[in-house]
>>> print(open('work.cif').read())   # mmCIF, C-alpha atoms
data_input
loop_
_atom_site.group_PDB
_atom_site.id
_atom_site.type_symbol
_atom_site.label_atom_id
_atom_site.label_comp_id
_atom_site.auth_asym_id
_atom_site.auth_seq_id
_atom_site.Cartn_x
_atom_site.Cartn_y
_atom_site.Cartn_z
ATOM 1 C CA MET S 1 -11.568 8.829 -18.491
ATOM 2 C CA ALA S 2 -7.988 9.964 -19.059
ATOM 3 C CA THR S 3 -7.950 11.596 -15.623
ATOM 4 C CA ALA S 4 -9.210 8.391 -13.988
ATOM 5 C CA ARG S 5 -6.494 6.349 -15.689
ATOM 6 C CA THR S 6 -3.890 8.944 -14.669
ATOM 7 C CA ASP S 7 -5.049 8.599 -11.057
ATOM 8 C CA LEU S 8 -4.650 4.814 -11.273
ATOM 9 C CA ASP S 9 -1.188 5.139 -12.783
ATOM 10 C CA ASP S 10 -0.247 7.469 -9.926
ATOM 11 C CA LEU S 11 -1.549 4.949 -7.352
ATOM 12 C CA VAL S 12 0.442 2.149 -9.005
ATOM 13 C CA THR S 13 3.592 4.302 -9.031
ATOM 14 C CA ARG S 14 3.190 5.134 -5.333
ATOM 15 C CA ALA S 15 2.525 1.466 -4.530
ATOM 16 C CA ARG S 16 5.745 0.491 -6.307
ATOM 17 C CA ASP S 17 7.567 3.174 -4.329
ATOM 18 C CA GLY S 18 6.509 1.463 -1.106
ATOM 19 C CA SER S 19 3.337 3.336 -0.122
ATOM 20 C CA ALA S 20 1.253 0.967 1.994
ATOM 21 C CA ARG S 21 -1.675 3.362 1.658
ATOM 22 C CA ALA S 22 -1.550 3.153 -2.143
ATOM 23 C CA VAL S 23 -1.412 -0.660 -2.025
ATOM 24 C CA ALA S 24 -4.409 -0.692 0.314
ATOM 25 C CA GLN S 25 -6.373 1.601 -1.995
ATOM 26 C CA LEU S 26 -5.654 -0.596 -5.007
ATOM 27 C CA ILE S 27 -6.737 -3.781 -3.200
ATOM 28 C CA SER S 28 -9.887 -2.011 -1.998
ATOM 29 C CA LEU S 29 -10.761 -1.206 -5.611
ATOM 30 C CA VAL S 30 -10.447 -4.922 -6.384
ATOM 31 C CA GLU S 31 -12.456 -6.090 -3.362
ATOM 32 C CA ASP S 32 -15.225 -3.568 -3.988
ATOM 33 C CA GLN S 33 -15.494 -4.656 -7.630
ATOM 34 C CA SER S 34 -14.950 -1.094 -8.775
ATOM 35 C CA PRO S 35 -15.797 -0.254 -12.396
ATOM 36 C CA ARG S 36 -12.146 0.853 -12.623
ATOM 37 C CA VAL S 37 -10.821 -2.694 -12.110
ATOM 38 C CA ARG S 38 -10.399 -3.240 -15.852
ATOM 39 C CA ASP S 39 -8.250 -0.119 -16.137
ATOM 40 C CA LEU S 40 -6.386 -1.126 -12.994
ATOM 41 C CA ALA S 41 -5.499 -4.508 -14.500
ATOM 42 C CA ALA S 42 -4.088 -2.740 -17.556
ATOM 43 C CA ALA S 43 -2.027 -0.407 -15.354
ATOM 44 C CA LEU S 44 -0.638 -3.309 -13.310
ATOM 45 C CA ALA S 45 0.179 -5.654 -16.197
ATOM 46 C CA PRO S 46 3.623 -4.218 -17.108
ATOM 47 C CA HIS S 47 4.814 -4.526 -13.504
ATOM 48 C CA ALA S 48 3.489 -7.956 -12.476
ATOM 49 C CA GLY S 49 4.924 -11.436 -12.949
ATOM 50 C CA HIS S 50 7.825 -11.489 -10.505
ATOM 51 C CA ALA S 51 6.551 -12.495 -7.047
ATOM 52 C CA VAL S 52 6.727 -16.068 -5.778
ATOM 53 C CA VAL S 53 3.366 -17.064 -4.304
ATOM 54 C CA VAL S 54 3.303 -19.443 -1.334
ATOM 55 C CA GLY S 55 -0.036 -20.823 -0.160
ATOM 56 C CA LEU S 56 -0.526 -21.994 3.423
ATOM 57 C CA THR S 57 -3.500 -24.194 4.140
ATOM 58 C CA GLY S 58 -4.698 -26.872 6.531
ATOM 59 C CA PRO S 59 -7.426 -27.603 9.070
ATOM 60 C CA PRO S 60 -8.389 -25.047 11.725
ATOM 61 C CA GLY S 61 -6.209 -24.966 14.812
ATOM 62 C CA VAL S 62 -2.885 -25.948 13.251
ATOM 63 C CA GLY S 63 -1.346 -22.505 13.666
ATOM 64 C CA LYS S 64 -1.539 -21.130 10.126
ATOM 65 C CA SER S 65 -1.470 -17.496 11.225
ATOM 66 C CA THR S 66 1.393 -18.061 13.654
ATOM 67 C CA THR S 67 3.351 -19.905 10.971
ATOM 68 C CA THR S 68 2.629 -17.190 8.408
ATOM 69 C CA SER S 69 3.838 -14.502 10.807
ATOM 70 C CA ALA S 70 6.989 -16.487 11.583
ATOM 71 C CA LEU S 71 7.660 -16.986 7.856
ATOM 72 C CA VAL S 72 7.321 -13.243 7.317
ATOM 73 C CA GLY S 73 10.058 -12.740 9.916
ATOM 74 C CA ALA S 74 12.316 -15.322 8.262
ATOM 75 C CA LEU S 75 11.789 -13.809 4.804
ATOM 76 C CA ARG S 76 12.476 -10.287 6.050
ATOM 77 C CA ALA S 77 15.669 -11.488 7.748
ATOM 78 C CA ASP S 78 16.644 -12.754 4.297
ATOM 79 C CA GLY S 79 16.044 -9.279 2.846
ATOM 80 C CA ARG S 80 12.920 -10.130 0.876
ATOM 81 C CA ARG S 81 9.898 -7.858 0.554
ATOM 82 C CA VAL S 82 6.752 -9.705 1.646
ATOM 83 C CA GLY S 83 3.034 -9.436 1.009
ATOM 84 C CA VAL S 84 0.438 -11.384 2.977
ATOM 85 C CA LEU S 85 -3.147 -12.102 1.972
ATOM 86 C CA ALA S 86 -4.817 -13.518 5.061
ATOM 87 C CA VAL S 87 -8.272 -14.770 4.109
ATOM 88 C CA ASP S 88 -10.660 -14.511 7.046
ATOM 89 C CA PRO S 89 -14.260 -15.621 7.502
ATOM 90 C CA SER S 90 -16.799 -12.967 6.616
ATOM 91 C CA SER S 91 -18.449 -10.972 9.368
ATOM 92 C CA PRO S 92 -22.175 -11.819 9.499
ATOM 93 C CA PHE S 93 -22.844 -8.115 10.090
ATOM 94 C CA SER S 94 -20.661 -6.202 7.634
ATOM 95 C CA GLY S 95 -19.629 -8.926 5.188
ATOM 96 C CA GLY S 96 -16.010 -7.878 5.762
ATOM 97 C CA ALA S 97 -13.093 -9.859 7.167
ATOM 98 C CA LEU S 98 -13.012 -10.486 10.898
ATOM 99 C CA LEU S 99 -9.359 -9.305 10.910
ATOM 100 C CA GLY S 100 -8.084 -12.000 13.240
ATOM 101 C CA ASP S 101 -4.995 -12.637 11.152
ATOM 102 C CA ARG S 102 -4.040 -8.987 10.910
ATOM 103 C CA VAL S 103 -4.248 -8.710 14.713
ATOM 104 C CA ARG S 104 -2.042 -11.769 15.166
ATOM 105 C CA MET S 105 0.562 -10.406 12.723
ATOM 106 C CA GLY S 106 0.716 -7.012 14.386
ATOM 107 C CA GLU S 107 4.443 -7.347 15.090
ATOM 108 C CA HIS S 108 5.110 -6.689 11.378
ATOM 109 C CA ALA S 109 2.707 -3.752 11.069
ATOM 110 C CA THR S 110 5.428 -1.079 11.195
ATOM 111 C CA ASP S 111 7.807 -2.838 8.787
ATOM 112 C CA PRO S 112 7.780 -0.954 5.444
ATOM 113 C CA GLY S 113 8.902 -4.160 3.710
ATOM 114 C CA VAL S 114 5.722 -6.019 4.704
ATOM 115 C CA PHE S 115 2.158 -5.498 3.535
ATOM 116 C CA ILE S 116 -0.610 -7.498 5.254
ATOM 117 C CA ARG S 117 -4.192 -7.541 4.055
ATOM 118 C CA SER S 118 -7.115 -9.479 5.500
ATOM 119 C CA MET S 119 -9.732 -10.397 2.918
ATOM 120 C CA ALA S 120 -13.227 -11.730 3.528
ATOM 121 C CA THR S 121 -14.408 -14.894 1.798
ATOM 122 C CA ARG S 122 -17.881 -13.311 1.375
ATOM 123 C CA GLY S 123 -19.381 -16.746 0.872
ATOM 124 C CA HIS S 124 -16.784 -17.846 -1.670
ATOM 125 C CA LEU S 125 -15.946 -21.541 -1.208
ATOM 126 C CA GLY S 126 -12.506 -23.114 -1.420
ATOM 127 C CA GLY S 127 -10.847 -21.221 1.432
ATOM 128 C CA LEU S 128 -10.091 -18.111 -0.631
ATOM 129 C CA ALA S 129 -11.715 -14.785 -1.437
ATOM 130 C CA ALA S 130 -13.014 -14.225 -4.965
ATOM 131 C CA ALA S 131 -10.846 -11.103 -5.291
ATOM 132 C CA ALA S 132 -7.659 -12.921 -4.227
ATOM 133 C CA PRO S 133 -6.142 -13.384 -7.747
ATOM 134 C CA GLN S 134 -6.366 -9.672 -8.545
ATOM 135 C CA ALA S 135 -5.179 -8.689 -5.066
ATOM 136 C CA LEU S 136 -2.163 -10.917 -5.688
ATOM 137 C CA ARG S 137 -1.520 -9.017 -8.886
ATOM 138 C CA VAL S 138 -1.492 -5.756 -6.911
ATOM 139 C CA LEU S 139 1.068 -7.073 -4.408
ATOM 140 C CA ASP S 140 3.175 -8.524 -7.218
ATOM 141 C CA ALA S 141 3.203 -5.232 -9.120
ATOM 142 C CA ALA S 142 3.986 -3.363 -5.882
ATOM 143 C CA GLY S 143 7.332 -5.132 -5.745
ATOM 144 C CA CYS S 144 6.777 -7.980 -3.294
ATOM 145 C CA ASP S 145 9.340 -10.743 -3.728
ATOM 146 C CA VAL S 146 7.126 -13.279 -1.956
ATOM 147 C CA VAL S 147 3.378 -13.256 -1.341
ATOM 148 C CA LEU S 148 2.037 -15.548 1.376
ATOM 149 C CA VAL S 149 -1.607 -16.573 0.962
ATOM 150 C CA GLU S 150 -3.147 -17.965 4.133
ATOM 151 C CA THR S 151 -6.512 -19.647 3.610
ATOM 152 C CA VAL S 152 -9.487 -19.369 5.910
ATOM 153 C CA GLY S 153 -9.185 -22.812 7.515
ATOM 154 C CA VAL S 154 -12.130 -24.891 6.375
ATOM 155 C CA GLY S 155 -10.544 -28.306 5.920
ATOM 156 C CA GLN S 156 -10.895 -30.337 2.741
ATOM 157 C CA SER S 157 -12.407 -27.577 0.604
ATOM 158 C CA GLU S 158 -9.250 -25.465 0.742
ATOM 159 C CA VAL S 159 -7.763 -27.076 -2.361
ATOM 160 C CA GLU S 160 -8.454 -23.923 -4.410
ATOM 161 C CA VAL S 161 -5.247 -22.369 -3.055
ATOM 162 C CA VAL S 162 -3.242 -24.553 -5.440
ATOM 163 C CA ALA S 163 -4.596 -22.503 -8.361
ATOM 164 C CA LEU S 164 -2.860 -19.434 -6.939
ATOM 165 C CA ALA S 165 0.343 -20.762 -5.414
ATOM 166 C CA ASP S 166 3.728 -21.615 -6.853
ATOM 167 C CA THR S 167 4.316 -23.674 -3.713
ATOM 168 C CA THR S 168 1.573 -25.003 -1.450
ATOM 169 C CA VAL S 169 2.372 -25.684 2.210
ATOM 170 C CA VAL S 170 -0.075 -27.953 4.040
ATOM 171 C CA LEU S 171 0.071 -27.584 7.809
ATOM 172 C CA LEU S 172 -1.039 -30.198 10.305
ATOM 173 C CA ALA S 173 -0.501 -30.597 14.031
ATOM 174 C CA PRO S 174 -0.310 -33.514 16.477
ATOM 175 C CA GLY S 175 -3.194 -34.254 18.774
ATOM 176 C CA MET S 176 -5.872 -33.568 16.175
ATOM 177 C CA GLY S 177 -7.304 -37.078 16.201
ATOM 178 C CA ASP S 178 -8.113 -38.092 12.651
ATOM 179 C CA GLY S 179 -6.808 -34.815 11.229
ATOM 180 C CA VAL S 180 -4.541 -36.432 8.660
ATOM 181 C CA GLN S 181 -7.216 -38.827 7.467
ATOM 182 C CA ALA S 182 -9.827 -36.065 7.356
ATOM 183 C CA ALA S 183 -7.572 -33.890 5.244
ATOM 184 C CA LYS S 184 -6.228 -36.634 3.009
ATOM 185 C CA ALA S 185 -9.150 -36.710 0.594
ATOM 186 C CA GLY S 186 -8.811 -33.081 -0.421
ATOM 187 C CA VAL S 187 -5.695 -31.401 0.948
ATOM 188 C CA LEU S 188 -2.768 -33.807 1.133
ATOM 189 C CA GLU S 189 -2.696 -34.279 -2.627
ATOM 190 C CA ILE S 190 -1.924 -30.616 -3.234
ATOM 191 C CA ALA S 191 1.001 -30.294 -0.822
ATOM 192 C CA ASP S 192 4.444 -29.387 -2.109
ATOM 193 C CA VAL S 193 5.684 -29.098 1.480
ATOM 194 C CA PHE S 194 4.190 -30.462 4.697
ATOM 195 C CA GLY S 195 4.597 -28.682 7.986
ATOM 196 C CA VAL S 196 3.899 -30.470 11.253
ATOM 197 C CA ASN S 197 3.449 -27.500 13.531
ATOM 198 C CA LYS S 198 3.353 -27.636 17.351
ATOM 199 C CA ALA S 199 5.928 -30.405 16.989
ATOM 200 C CA ASP S 200 6.904 -30.067 20.649
ATOM 201 C CA ARG S 201 3.624 -31.742 21.571
ATOM 202 C CA GLU S 202 3.141 -35.424 22.219
ATOM 203 C CA GLY S 203 2.160 -37.279 19.081
ATOM 204 C CA ALA S 204 4.344 -35.352 16.644
ATOM 205 C CA ASP S 205 6.242 -38.512 15.618
ATOM 206 C CA ALA S 206 2.951 -40.307 14.965
ATOM 207 C CA THR S 207 1.685 -37.425 12.820
ATOM 208 C CA VAL S 208 4.879 -37.481 10.739
ATOM 209 C CA ARG S 209 4.492 -41.229 10.222
ATOM 210 C CA GLU S 210 0.839 -40.795 9.231
ATOM 211 C CA LEU S 211 1.847 -38.215 6.663
ATOM 212 C CA GLN S 212 4.577 -40.391 5.233
ATOM 213 C CA ASN S 213 2.196 -43.357 4.998
ATOM 214 C CA ALA S 214 -0.502 -41.210 3.404
ATOM 215 C CA MET S 215 1.970 -39.893 0.834
ATOM 216 C CA ALA S 216 3.057 -43.400 -0.034
ATOM 217 C CA MET S 217 -0.538 -44.173 -1.030
ATOM 218 C CA THR S 218 -1.198 -40.864 -2.793
ATOM 219 C CA ARG S 219 -0.521 -40.428 -6.459
ATOM 220 C CA ARG S 220 0.750 -36.930 -7.153
ATOM 221 C CA GLU S 221 -0.022 -35.344 -10.503
ATOM 222 C CA SER S 222 3.206 -33.358 -10.432
ATOM 223 C CA GLY S 223 5.108 -36.420 -11.563
ATOM 224 C CA PRO S 224 8.358 -37.975 -10.358
ATOM 225 C CA GLY S 225 11.293 -36.102 -8.962
ATOM 226 C CA TRP S 226 9.762 -34.085 -6.153
ATOM 227 C CA ARG S 227 8.656 -35.704 -2.936
ATOM 228 C CA ALA S 228 7.013 -33.325 -0.515
ATOM 229 C CA PRO S 229 9.256 -33.021 2.561
ATOM 230 C CA VAL S 230 7.811 -33.120 6.064
ATOM 231 C CA VAL S 231 9.169 -30.321 8.231
ATOM 232 C CA ARG S 232 8.624 -30.129 11.981
ATOM 233 C CA THR S 233 8.018 -26.631 13.334
ATOM 234 C CA VAL S 234 7.088 -24.819 16.514
ATOM 235 C CA ALA S 235 5.999 -21.550 14.939
ATOM 236 C CA SER S 236 5.378 -19.835 18.269
ATOM 237 C CA THR S 237 9.099 -20.073 19.096
ATOM 238 C CA GLY S 238 10.498 -20.004 15.553
ATOM 239 C CA GLU S 239 11.810 -23.563 15.786
ATOM 240 C CA GLY S 240 12.042 -25.213 12.380
ATOM 241 C CA LEU S 241 11.098 -22.061 10.430
ATOM 242 C CA ASP S 242 14.481 -21.884 8.669
ATOM 243 C CA GLU S 243 13.997 -25.498 7.582
ATOM 244 C CA LEU S 244 10.463 -24.754 6.376
ATOM 245 C CA LEU S 245 11.664 -21.770 4.348
ATOM 246 C CA ALA S 246 14.520 -23.871 2.937
ATOM 247 C CA ALA S 247 11.993 -26.526 1.833
ATOM 248 C CA ILE S 248 9.870 -23.850 0.116
ATOM 249 C CA ASP S 249 12.937 -22.448 -1.661
ATOM 250 C CA SER S 250 14.028 -25.950 -2.659
ATOM 251 C CA HIS S 251 10.670 -26.618 -4.275
ATOM 252 C CA ARG S 252 10.916 -23.370 -6.206
ATOM 253 C CA ALA S 253 14.444 -24.251 -7.360
ATOM 254 C CA TRP S 254 13.245 -27.704 -8.443
ATOM 255 C CA MET S 255 10.428 -26.158 -10.477
ATOM 256 C CA VAL S 256 12.835 -23.798 -12.233
ATOM 257 C CA GLU S 257 15.370 -26.580 -12.863
ATOM 258 C CA HIS S 258 12.696 -28.712 -14.512
ATOM 259 C CA GLY S 259 11.409 -25.906 -16.722
ATOM 260 C CA ARG S 260 8.280 -25.349 -14.675
ATOM 261 C CA GLY S 261 9.188 -22.095 -12.991
ATOM 262 C CA ASP S 262 6.379 -20.179 -14.710
ATOM 263 C CA GLU S 263 3.788 -22.921 -14.237
ATOM 264 C CA GLY S 264 2.140 -21.252 -11.255
ATOM 265 C CA ARG S 265 1.992 -17.913 -13.062
ATOM 266 C CA ARG S 266 0.321 -19.504 -16.086
ATOM 267 C CA ARG S 267 -2.080 -21.387 -13.814
ATOM 268 C CA ARG S 268 -3.042 -18.135 -12.074
ATOM 269 C CA ALA S 269 -3.536 -16.412 -15.428
ATOM 270 C CA ARG S 270 -5.782 -19.213 -16.703
ATOM 271 C CA ALA S 271 -7.875 -19.158 -13.534
ATOM 272 C CA GLU S 272 -8.180 -15.372 -13.613
ATOM 273 C CA ILE S 273 -9.184 -15.256 -17.282
ATOM 274 C CA GLU S 274 -11.764 -17.999 -16.741
ATOM 275 C CA ALA S 275 -13.179 -16.274 -13.642
ATOM 276 C CA ILE S 276 -13.575 -12.956 -15.491
ATOM 277 C CA ALA S 277 -15.216 -14.642 -18.488
ATOM 278 C CA LEU S 278 -17.624 -16.571 -16.254
ATOM 279 C CA ALA S 279 -18.499 -13.446 -14.280
ATOM 280 C CA ASP S 280 -19.305 -11.603 -17.511
ATOM 281 C CA LEU S 281 -21.412 -14.527 -18.720
ATOM 282 C CA ARG S 282 -23.312 -14.690 -15.419
ATOM 283 C CA ALA S 283 -24.017 -10.963 -15.650
ATOM 284 C CA GLN S 284 -25.369 -11.400 -19.171
ATOM 285 C CA LEU S 285 -27.558 -14.329 -18.076
ATOM 286 C CA ARG S 286 -28.896 -12.351 -15.111
ATOM 287 C CA ALA S 287 -29.933 -9.639 -17.550
ATOM 288 C CA VAL S 288 -32.300 -12.054 -19.339
ATOM 289 C CA SER S 289 -33.158 -14.407 -16.451
ATOM 290 C CA GLY S 290 -36.381 -12.570 -15.668
ATOM 291 C CA SER S 291 -37.252 -11.743 -19.235
ATOM 292 C CA ALA S 292 -40.243 -12.726 -21.290
ATOM 293 C CA ALA S 293 -37.906 -14.785 -23.489
ATOM 294 C CA LEU S 294 -37.063 -17.066 -20.552
ATOM 295 C CA ASP S 295 -40.741 -17.422 -19.692
ATOM 296 C CA ARG S 296 -41.514 -18.462 -23.257
ATOM 297 C CA LEU S 297 -38.681 -21.000 -23.257
ATOM 298 C CA ALA S 298 -39.896 -22.394 -19.934
ATOM 299 C CA GLU S 299 -43.406 -22.819 -21.334
ATOM 300 C CA GLU S 300 -42.062 -24.697 -24.356
ATOM 301 C CA VAL S 301 -39.942 -27.024 -22.209
ATOM 302 C CA ALA S 302 -42.796 -27.658 -19.782
ATOM 303 C CA ALA S 303 -45.127 -28.473 -22.686
ATOM 304 C CA GLY S 304 -42.619 -30.897 -24.193
ATOM 305 C CA GLY S 305 -42.091 -28.866 -27.324
ATOM 306 C CA LEU S 306 -38.433 -28.119 -26.558
ATOM 307 C CA ASP S 307 -35.719 -29.884 -24.611
ATOM 308 C CA PRO S 308 -33.929 -27.964 -21.827
ATOM 309 C CA PHE S 309 -30.516 -28.095 -23.533
ATOM 310 C CA ALA S 310 -31.866 -26.446 -26.682
ATOM 311 C CA ALA S 311 -33.643 -23.899 -24.496
ATOM 312 C CA ALA S 312 -30.390 -23.149 -22.676
ATOM 313 C CA ASP S 313 -28.649 -22.628 -26.029
ATOM 314 C CA ARG S 314 -31.310 -20.105 -27.018
ATOM 315 C CA LEU S 315 -31.027 -18.352 -23.640
ATOM 316 C CA ARG S 316 -27.248 -18.031 -24.034
ATOM 317 C CA GLY S 317 -27.767 -16.611 -27.492
ATOM 318 C CA ALA S 318 -30.202 -14.057 -26.096
ATOM 319 C CA ALA S 319 -27.729 -13.170 -23.345
ATOM 320 C CA VAL S 320 -24.939 -12.574 -25.860
ATOM 321 C CA ASP S 321 -27.224 -10.425 -28.020
ATOM 322 C CA GLU S 322 -28.294 -8.474 -24.923
ATOM 323 C CA GLY S 323 -24.655 -8.008 -23.862
#
>>> encode(input="work.cif", output="structure tokens")
Amino acid sequence: MATARTDLDDLVTRARDGSARAVAQLISLVEDQSPRVRDLAAALAPHAGHAVVVGLTGPPGVGKSTTTSALVGALRADGRRVGVLAVDPSSPFSGGALLGDRVRMGEHATDPGVFIRSMATRGHLGGLAAAAPQALRVLDAAGCDVVLVETVGVGQSEVEVVALADTTVVLLAPGMGDGVQAAKAGVLEIADVFGVNKADREGADATVRELQNAMAMTRRESGPGWRAPVVRTVASTGEGLDELLAAIDSHRAWMVEHGRGDEGRRRRARAEIEAIALADLRAQLRAVSGSAALDRLAEEVAAGGLDPFAAADRLRGAAVDEG
């Protein structure tokens, strides 16, 4: 056990020294749900808590990957070390990521100040991979100043990114028909910054107006004082990327000024703790789900001798005892 922990400590040290291979190995441990993940979390804890996490989301076709790649370039020009978690759809054959984002960001592959990882959703809803919070912790501990999280591109269900991000960028593009209206129910409410990408296309002005009108009718939970700016970009040429980065930095500065600079970090910690607790509980329930005890409870409920809530309480008790 001591040797295994020493190996993890060595991996963490090499990751902090800039070894892309070590970072990749650590994230693989997380994705593969290794039994060593608990020890890994303990090894990472003293080094995490510094990176700013920026989520990029929006409907398919708006240029999320192109924008992410362009933001990486802008951040590197500013001297910041960058991590990217690009969440791809799962391959129907291997269950792994289809790697489209990593291919599109190939221009940064040789930069030692950039680490890019594609992660598969593996059926996880909300536009993110289940392992994303712990992978973020790896990149944070490895010394990334900013981590960009690009969601898979599934429309309204991508709101889960807000649980991970300090700043959430919602991207839209002109010429998408009812794109703004389709997104409004689930995505517009979470935006800290809006990006209208492909702004050199016809209809960009109309999209900006739609956004502004939608915001006027949307009640933000973040309270007064911050109104999400709308930034026009052409990510393929780099146009507007400095303005987009400035808007992201302005939101971060506003959060710090108003005493909410650690809000995203606390939100991520809450979500991670809850996810781990629920996973443990599900594992305990699976251990008794096919047991004779469950069969007996089912018979009692079916016969009317016990209500299902009381039966569920007994099943949970059996699961805890089993665990």
>>> closest_residue(input="work.cif", among="S:Gly73, S:Ala141, S:Gly225, S:Asp242", to="Glu257 of chain S", atoms="all atoms listed in the file")
S:Gly225
>>> residues_around(input="work.cif", residues="Val138 of chain S", least_positions_apart="2", cutoff="7 Å", atoms="all atoms listed in the file", output="PyMOL selection string")
chain S and resi 26-27+44+134-136+140-142
>>> resolve_selection(input="work.cif", expression="the PyMOL selection byres ((chain S and resi 19-23) around 10)", output="list in words")
Leu8, Asp10, Leu11, Val12, Thr13, Arg14, Ala15, Arg16, Asp17, Gly18, Ala24, Gln25, Leu26, Ile27, Ser28, Pro112, Gly113, Val114, Phe115, Ile116, Arg117, Ala135, Val138, Leu139, Ala141 and Ala142 of chain S
>>> atom_distance(input="work.cif", atom1="atom CA of Asp39 of chain S", atom2="atom CA of Ala163 of chain S")
24.0 Å
>>> residues_around(input="work.cif", residues="Ala271 of chain S", least_positions_apart="5", cutoff="10 Å", atoms="only C-alpha atoms", output="list in words")
Pro133, Ala163, Leu164, Arg265, Arg266, Ile276 and Ala277 of chain S
>>> resolve_selection(input="work.cif", expression="the PyMOL selection byres ((chain S and resi 172) around 6)", output="list in words")
Val62, Leu171, Ala173 and Val196 of chain S
>>> resolve_selection(input="work.cif", expression="the PyMOL selection byres ((chain S and resi 71) around 9)", output="PyMOL selection string")
chain S and resi 66-70+72-76+148+235+238+241-242+244-245
>>> closest_residue(input="work.cif", among="S:Val30, S:Ala131, S:Ala287, S:Thr151", to="Val87 of chain S", atoms="all atoms listed in the file")
S:Thr151
>>> atom_distance(input="work.cif", atom1="atom CA of Leu85 of chain S", atom2="atom CA of Ala48 of chain S")
16.4 Å
>>> closest_residue(input="work.cif", among="S:Arg286, S:Arg137, S:Arg296, S:Arg314", to="Ala41 of chain S", atoms="all atoms listed in the file")
S:Arg137
>>> atom_distance(input="work.cif", atom1="atom CA of His47 of chain S", atom2="atom CA of Leu278 of chain S")
25.6 Å
>>> closest_residue(input="work.cif", among="S:Val52, S:Ala132, S:Cys144, S:Val169", to="Gln33 of chain S", atoms="all atoms listed in the file")
S:Ala132
>>> residues_around(input="work.cif", residues="Ser250 of chain S", least_positions_apart="3", cutoff="12 Å", atoms="all atoms listed in the file", output="list in words")
Asp166, Thr167, Asp192, Val193, Trp226, Arg227, Ala228, Pro229, Glu243, Leu244, Leu245, Ala246, Ala247, Ala253, Trp254, Met255, Val256 and Glu257 of chain S
>>> closest_residue(input="work.cif", among="S:Pro174, S:Val149, S:Val82, S:Gly259", to="Thr57 of chain S", atoms="all atoms listed in the file")
S:Val149
>>> residues_around(input="work.cif", residues="segment 298-301 of chain S", least_positions_apart="4", cutoff="12 Å", atoms="all atoms listed in the file", output="list in words")
Ser289, Gly290, Ser291, Ala292, Ala293, Leu294, Gly305, Leu306, Asp307, Pro308, Phe309, Ala310, Ala311, Ala312, Arg314 and Leu315 of chain S
>>> write_last_selection(input="work.cif", atoms="C-alpha atoms", output="compact mmCIF listing (two decimals), keeping the file's coordinate frame")
# COMPACT_ATOMS: atom_id res chain seq x y z
CA SER S 289 -33.16 -14.41 -16.45
CA GLY S 290 -36.38 -12.57 -15.67
CA SER S 291 -37.25 -11.74 -19.24
CA ALA S 292 -40.24 -12.73 -21.29
CA ALA S 293 -37.91 -14.78 -23.49
CA LEU S 294 -37.06 -17.07 -20.55
CA GLY S 305 -42.09 -28.87 -27.32
CA LEU S 306 -38.43 -28.12 -26.56
CA ASP S 307 -35.72 -29.88 -24.61
CA PRO S 308 -33.93 -27.96 -21.83
CA PHE S 309 -30.52 -28.10 -23.53
CA ALA S 310 -31.87 -26.45 -26.68
CA ALA S 311 -33.64 -23.90 -24.50
CA ALA S 312 -30.39 -23.15 -22.68
CA ARG S 314 -31.31 -20.10 -27.02
CA LEU S 315 -31.03 -18.35 -23.64
>>> closest_residue(input="work.cif", among="S:Val146, S:Val288, S:Ala319, S:Val53", to="Asp78 of chain S", atoms="only C-alpha atoms")
S:Val146
>>> axis_aligned_box(input="work.cif", around="segment 203-216 of chain S", padding_each_side="8 Å", output="JSON")
{"center_x": 2.9, "center_y": -39.4, "center_z": 9.5, "size_x": 22.7, "size_y": 24.0, "size_z": 35.1}
